[in-house]
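*Asks:* Enclosed is the structure file upload-v6.csv (CSV, C-alpha atoms and all ligand atoms).
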chain,number,residue,atom,x,y,z
A,189,MET,CA,67.4,-10.3,43.1
A,190,ASN,CA,66.9,-9.2,46.6
A,191,LYS,CA,69.4,-9.6,49.4
A,192,LEU,CA,68.0,-12.8,51.0
A,193,ALA,CA,67.6,-14.5,47.6
A,194,ALA,CA,71.2,-13.5,46.7
A,195,GLN,CA,72.5,-14.9,50.0
A,196,ALA,CA,70.6,-18.1,49.6
A,197,LYS,CA,71.9,-18.6,46.1
A,198,TRP,CA,75.5,-18.1,47.0
A,199,ASP,CA,75.2,-20.1,50.2
A,200,GLN,CA,74.0,-23.0,48.2
A,201,ILE,CA,76.9,-22.7,45.7
A,202,TYR,CA,79.5,-22.6,48.5
A,203,GLN,CA,78.0,-25.6,50.4
A,204,ASN,CA,80.0,-27.9,48.2
A,205,SER,CA,82.8,-25.7,47.1
A,206,THR,CA,86.3,-25.6,48.6
A,207,CYS,CA,88.3,-24.2,45.7
A,208,SER,CA,89.2,-20.6,45.2
A,209,GLU,CA,92.2,-19.2,43.3
A,210,VAL,CA,94.2,-16.0,43.7
A,211,ALA,CA,93.3,-13.7,40.9
A,212,ASP,CA,96.1,-13.3,38.2
A,213,VAL,CA,95.9,-9.5,38.6
A,214,LEU,CA,97.1,-9.9,42.2
A,215,ARG,CA,99.5,-12.8,41.8
A,216,GLU,CA,101.3,-11.4,38.8
A,217,ASN,CA,101.6,-7.9,40.3
A,218,GLU,CA,102.2,-8.6,43.9
A,219,PHE,CA,105.3,-6.3,43.8
A,220,LEU,CA,102.9,-3.3,43.5
A,221,LEU,CA,101.4,-4.0,46.9
A,222,PRO,CA,102.5,-1.8,49.8
A,223,GLU,CA,104.6,-3.4,52.5
A,224,LYS,CA,101.9,-2.7,55.1
A,225,GLY,CA,98.4,-1.2,55.3
A,226,LEU,CA,94.8,-2.1,55.2
A,227,ALA,CA,93.4,-4.3,52.4
A,228,LEU,CA,89.9,-5.4,51.5
A,229,ASP,CA,88.9,-8.4,49.4
A,230,LEU,CA,85.4,-7.4,48.3
A,231,ALA,CA,82.9,-10.1,47.4
A,232,CYS,CA,85.6,-12.4,48.6
A,233,GLY,CA,83.9,-15.8,48.2
A,234,LEU,CA,86.2,-18.4,49.8
A,235,GLY,CA,88.8,-15.7,50.0
A,236,ALA,CA,91.9,-16.8,48.1
A,237,ASN,CA,92.8,-13.1,47.5
A,238,ALA,CA,92.3,-12.3,51.2
A,239,VAL,CA,94.6,-15.2,52.2
A,240,PHE,CA,97.2,-13.9,49.7
A,241,LEU,CA,97.0,-10.3,51.0
A,242,ALA,CA,97.3,-11.5,54.6
A,243,GLU,CA,100.3,-13.7,53.8
A,244,LYS,CA,101.9,-10.6,52.3
A,245,GLY,CA,101.6,-8.9,55.7
A,246,LEU,CA,98.6,-6.6,55.0
A,247,GLU,CA,95.9,-6.2,57.6
A,248,THR,CA,93.1,-7.9,55.7
A,249,HIS,CA,89.4,-7.6,55.6
A,250,ALA,CA,87.2,-9.9,53.5
A,251,TRP,CA,83.5,-9.3,53.0
A,252,ASP,CA,80.9,-11.4,51.2
A,253,ILE,CA,77.2,-11.8,51.3
A,254,SER,CA,77.5,-15.6,51.8
A,255,SER,CA,77.8,-16.7,55.4
A,256,VAL,CA,78.8,-20.2,54.2
A,257,ALA,CA,81.8,-18.8,52.3
A,258,ILE,CA,82.8,-16.5,55.2
A,259,GLU,CA,82.7,-19.4,57.7
A,260,LYS,CA,84.9,-21.5,55.4
A,261,LEU,CA,87.3,-18.6,55.0
A,262,LYS,CA,87.5,-18.1,58.8
A,263,LYS,CA,88.4,-21.8,59.3
A,264,ASN,CA,91.0,-21.6,56.5
A,265,ALA,CA,92.6,-18.5,58.0
A,266,GLU,CA,92.7,-20.1,61.5
A,267,ILE,CA,94.4,-23.2,60.1
A,268,LYS,CA,97.0,-20.9,58.3
A,269,CYS,CA,97.3,-18.7,61.5
A,270,LEU,CA,96.4,-15.7,59.5
A,271,ASN,CA,94.6,-12.7,61.0
A,272,ILE,CA,91.8,-12.0,58.5
A,273,SER,CA,88.8,-10.1,59.5
A,274,ALA,CA,86.1,-12.0,57.5
A,275,LYS,CA,82.6,-10.7,57.7
A,276,GLN,CA,79.2,-11.6,56.2
A,277,HIS,CA,78.3,-8.3,54.6
A,278,TYR,CA,75.9,-7.2,52.0
A,279,ILE,CA,77.7,-4.7,49.9
A,280,ASP,CA,76.0,-1.7,48.4
A,281,PHE,CA,77.1,1.8,47.5
A,282,LYS,CA,75.9,3.2,50.9
A,283,ASN,CA,77.9,0.9,53.2
A,284,LEU,CA,81.4,1.1,52.0
A,285,PRO,CA,83.6,3.2,54.4
A,286,LYS,CA,85.3,6.3,52.9
A,287,ASN,CA,89.1,6.7,52.7
A,288,ALA,CA,89.6,3.4,54.5
A,289,PHE,CA,91.7,1.0,52.4
A,290,ASP,CA,95.2,1.0,50.9
A,291,VAL,CA,94.3,-1.9,48.7
A,292,ILE,CA,90.9,-3.1,47.4
A,293,VAL,CA,90.7,-6.3,45.4
A,294,LEU,CA,87.7,-7.5,43.4
A,295,SER,CA,87.6,-10.6,41.3
A,296,HIS,CA,84.8,-12.1,39.4
A,297,PHE,CA,82.2,-9.7,40.7
A,298,LEU,CA,80.7,-6.8,38.8
A,299,ASP,CA,78.2,-4.3,40.1
A,300,ARG,CA,78.6,-1.0,38.3
A,301,SER,CA,76.6,0.9,40.9
A,302,LEU,CA,79.4,0.3,43.4
A,303,CYS,CA,82.3,1.9,41.3
A,304,ASN,CA,82.2,5.4,42.8
A,305,ALA,CA,81.8,4.0,46.4
A,306,ILE,CA,84.8,1.7,45.7
A,307,MET,CA,87.0,4.6,44.6
A,308,ASP,CA,85.8,6.7,47.6
A,309,SER,CA,86.7,3.8,49.9
A,310,LEU,CA,90.4,3.9,48.8
A,311,LYS,CA,92.8,6.1,50.7
A,312,PRO,CA,94.9,8.6,48.7
A,313,ASP,CA,97.6,6.5,46.8
A,314,GLY,CA,95.4,3.4,47.4
A,315,LEU,CA,95.4,0.7,44.7
A,316,LEU,CA,92.4,-1.1,43.2
A,317,PHE,CA,93.1,-4.5,41.8
A,318,TYR,CA,90.2,-5.7,39.6
A,319,GLN,CA,89.7,-8.7,37.4
A,320,THR,CA,86.6,-10.1,35.9
A,321,TYR,CA,85.0,-11.6,32.8
A,322,VAL,CA,84.5,-9.8,29.5
A,323,ARG,CA,81.7,-10.1,26.9
A,324,GLU,CA,84.1,-11.1,24.1
A,325,LYS,CA,85.3,-14.3,25.8
A,326,LEU,CA,86.3,-17.4,24.1
A,327,ASP,CA,85.1,-20.0,26.6
A,328,SER,CA,81.9,-20.6,28.5
A,329,VAL,CA,83.4,-19.6,31.8
A,330,GLY,CA,81.8,-16.9,33.9
A,331,PRO,CA,78.3,-15.5,33.9
A,332,LYS,CA,76.0,-15.7,30.8
A,333,ASN,CA,74.1,-12.6,31.6
A,334,PRO,CA,75.8,-9.8,29.6
A,335,ASP,CA,75.0,-7.3,32.5
A,336,PHE,CA,77.7,-9.1,34.5
A,337,LEU,CA,80.3,-9.0,31.8
A,338,LEU,CA,82.6,-6.2,30.8
A,339,GLY,CA,82.5,-4.4,27.5
A,340,ARG,CA,85.8,-3.5,25.8
A,341,ASN,CA,87.9,-1.1,27.9
A,342,GLU,CA,85.0,-0.9,30.4
A,343,LEU,CA,87.1,-1.0,33.5
A,344,LEU,CA,89.2,1.9,32.2
A,345,MET,CA,86.0,3.9,31.8
A,346,LEU,CA,84.3,2.8,35.1
A,347,PHE,CA,87.4,3.8,37.1
A,348,SER,CA,88.6,6.7,34.9
A,349,PRO,CA,89.3,9.0,37.9
A,350,LEU,CA,92.0,6.6,39.0
A,351,THR,CA,95.5,6.5,37.4
A,352,VAL,CA,96.0,3.4,35.3
A,353,VAL,CA,98.9,1.2,36.5
A,354,VAL,CA,98.1,-2.0,34.7
A,355,TYR,CA,95.6,-2.9,32.1
A,356,ARG,CA,95.2,-6.1,30.1
A,357,GLU,CA,92.3,-7.2,27.9
A,358,ASN,CA,93.4,-9.5,25.1
A,359,SER,CA,90.0,-9.9,23.7
A,360,LEU,CA,89.9,-11.6,20.3
A,361,VAL,CA,93.2,-10.1,19.0
A,362,GLY,CA,95.7,-12.3,17.2
A,363,GLN,CA,96.2,-16.1,17.6
A,364,LEU,CA,93.2,-17.3,19.5
A,365,ASP,CA,94.5,-20.8,20.3
A,366,TYR,CA,96.5,-19.4,23.2
A,367,GLY,CA,96.6,-16.5,25.6
A,368,GLU,CA,94.2,-15.6,28.4
A,369,ARG,CA,91.1,-14.3,26.6
A,370,ASN,CA,88.2,-14.4,29.0
A,371,GLU,CA,89.0,-11.7,31.6
A,372,ALA,CA,90.1,-8.1,31.9
A,373,LEU,CA,92.8,-7.2,34.4
A,374,TYR,CA,93.1,-3.7,35.9
A,375,ILE,CA,95.1,-1.9,38.5
A,376,GLY,CA,94.4,1.7,39.2
A,377,GLN,CA,95.7,4.2,41.8
A,378,LYS,CA,93.9,7.0,43.5
A,379,CYS,CA,96.0,10.1,43.4
B,401,LIG,C1,81.8,-15.3,41.3
B,401,LIG,S1,82.0,-15.1,43.1
B,401,LIG,C2,83.6,-14.5,43.2
B,401,LIG,C3,84.3,-14.8,44.5
B,401,LIG,C4,85.7,-14.4,44.6
B,401,LIG,N1,86.0,-13.0,44.5
B,401,LIG,C5,86.5,-15.2,43.6
B,401,LIG,O1,87.0,-14.6,42.6
B,401,LIG,O2,86.7,-16.4,43.7
B,401,LIG,C6,81.0,-13.7,43.4
B,401,LIG,C7,80.9,-13.4,44.9
B,401,LIG,O3,80.1,-12.2,45.1
B,401,LIG,C8,79.4,-12.3,46.3
B,401,LIG,N2,78.3,-11.3,46.2
B,401,LIG,C9,77.4,-11.1,45.3
B,401,LIG,N3,76.6,-10.0,45.6
B,401,LIG,C10,77.1,-9.5,46.7
B,401,LIG,C11,76.8,-8.4,47.5
B,401,LIG,N4,75.8,-7.5,47.2
B,401,LIG,N5,77.5,-8.1,48.7
B,401,LIG,C12,78.5,-9.0,49.0
B,401,LIG,N6,78.9,-10.1,48.3
B,401,LIG,C13,78.2,-10.3,47.1
B,401,LIG,C14,78.9,-13.8,46.2
B,401,LIG,O4,78.5,-14.3,47.4
B,401,LIG,C15,80.1,-14.5,45.6
B,401,LIG,O5,81.0,-14.9,46.6
Write out the structure in this file as structure tokens.
*Replies:*
Amino acid sequence: MNKLAAQAKWDQIYQNSTCSEVADVLRENEFLLPEKGLALDLACGLGANAVFLAEKGLETHAWDISSVAIEKLKKNAEIKCLNISAKQHYIDFKNLPKNAFDVIVLSHFLDRSLCNAIMDSLKPDGLLFYQTYVREKLDSVGPKNPDFLLGRNELLMLFSPLTVVVYRENSLVGQLDYGERNEALYIGQKC
């Protein structure tokens, strides 16, 4: 899908959408965040992660291809008196700044061609918080196209130059009537 078609698709989705949730990987591990520094919510959508990061005192940037989502995030930030630099931005591996961020968060977005650029965009000691859907999921949530779903342990492989801080992928192990099964959660640190 080209850039314009992707923007049109996501703009359409966000026209009627107001709900965005903080990713578990961030909410459950907020104690790992630095007290200050520069954070980026990449492919932020309506920006619940960005709001969370800004509320924790981080100088927060939020980028997404959808101008509709970015406008909604800007309004939300204004209401909450949060200083979030939200920008409509088409992300590819050529336009991520190097050594720029102390924290990068990605949730429910997977473009494997960006992984090296994402790691390059972290400052030394910077943390990557990543959470998205796996192929072996129990429910019909998330994309259907397997290209946008993670294989087993895939985040560990994609970001192998980073030091693993947290990893959870419950997959289809044990009692399937409970437990979060649909997503992998990863935190890695650039050393
Ligand atoms: C499933 S949504 C996830 C949004 C948010 N991270 C969340 O978890 O609620 C995927 C997001 O990726 C954005 N996106 C897709 N391709 C993009 C690209 N090349 N550059 C920037 N944003 C992109 C879409 O606009 C959409 O907001």
*Asks:* Identify which of the residues A:Ser254, A:Ser328, A:Gln200, A:Thr351 lies closest to ligand LIG 401 (chain B), counting all atoms listed in the file when measuring atom-to-atom distances.
*Replies:* A:Ser254
*Asks:* Which residue, A:Glu324, A:Glu368, A:Asp299, A:Glu342, has the smallest gap to Phe281 (chain A) when you use all atoms listed in the file?
*Replies:*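 Of the candidates, the smallest distance to Phe281 (chain A) is held by A:Asp299.
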*Asks:* Counting all atoms listed in the file, what is within 10 Å of region 202-204 of chain A, bar same-chain residues fewer than 2 positions away, as a ChimeraX atom specification?
*Replies:* /A:197-200,206-207,233-234,254-258,260
*Asks:* Please return as a PyMOL selection string every residue within 12 Å of (91.1, -3.0, 40.1), taking into account only C-alpha atoms and the file's own coordinates.
*Replies:* chain A and resi 211-214+217+228-230+291-298+303+306-307+310+314-320+342-348+350-356+372-378
*Asks:* With only C-alpha atoms and all ligand atoms as the basis for distance, which of A:Leu220, A:Ala274, A:Ile253, A:Ala196 is at the shortest distance from ligand LIG 401 (chain B)?
*Replies:*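 Smallest separation from ligand LIG 401 (chain B) among the options: A:Ile253.
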*Asks:* Of the residues A:Glu259, A:Asp280, A:Asp313, A:Glu223, which is the one nearest to ligand LIG 401 (chain B), using all atoms listed in the file?
*Replies:* A:Asp280
*Asks:* Using only C-alpha atoms and all ligand atoms for the distances, tell me which of A:Val361, A:Cys379, A:Val329, A:Val210 is nearest to ligand LIG 401 (chain B).
*Replies:*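 Closest to ligand LIG 401 (chain B), using only C-alpha atoms and all ligand atoms: A:Val210.
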*Asks:* Using all atoms listed in the file, pick whichever of A:Arg369, A:Lys311, A:Lys262, A:Arg323 has the shortest atom-to-atom distance to Ala236 (chain A).
*Replies:*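 Once distances to Ala236 (chain A) are computed over all atoms listed in the file, the minimum belongs to A:Lys262.
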*Asks:* Would you list the contacts of Lys268 (chain A) as a PyMOL selection string, taking every protein, DNA or RNA residue within 12 Å and counting all atoms listed in the file, but skipping same-chain residues closer than 6 positions in sequence?
*Replies:* chain A and resi 239-240+242-243+261-262
*Asks:* Provide the atom O2 of ligand LIG 401 (chain B) to CA of Ser208 (chain A) distance in Å, to one decimal place.
*Replies:* 5.1 Å
*Asks:* What gap, in Å, lies between CA of Met189 (chain A) and atom C5 of ligand LIG 401 (chain B)?
*Replies:* 19.7 Å
*Asks:* Would you compute the distance between CA of Asp365 (chain A) and CA of Arg340 (chain A)? Give it in Å to one decimal.
*Replies:*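 Distance between the two atoms: 20.1 Å.
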*Asks:* What's around Leu284 (chain A) at 9 Å? Count all atoms listed in the file, leave out sequence neighbours fewer than 4 positions away in its own chain, and write the answer as a list in words.
*Replies:*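 In the requested format, the answer is Ile279, Asp280, Ala288, Leu302, Ala305, Ile306, Asp308 and Ser309 of chain A.
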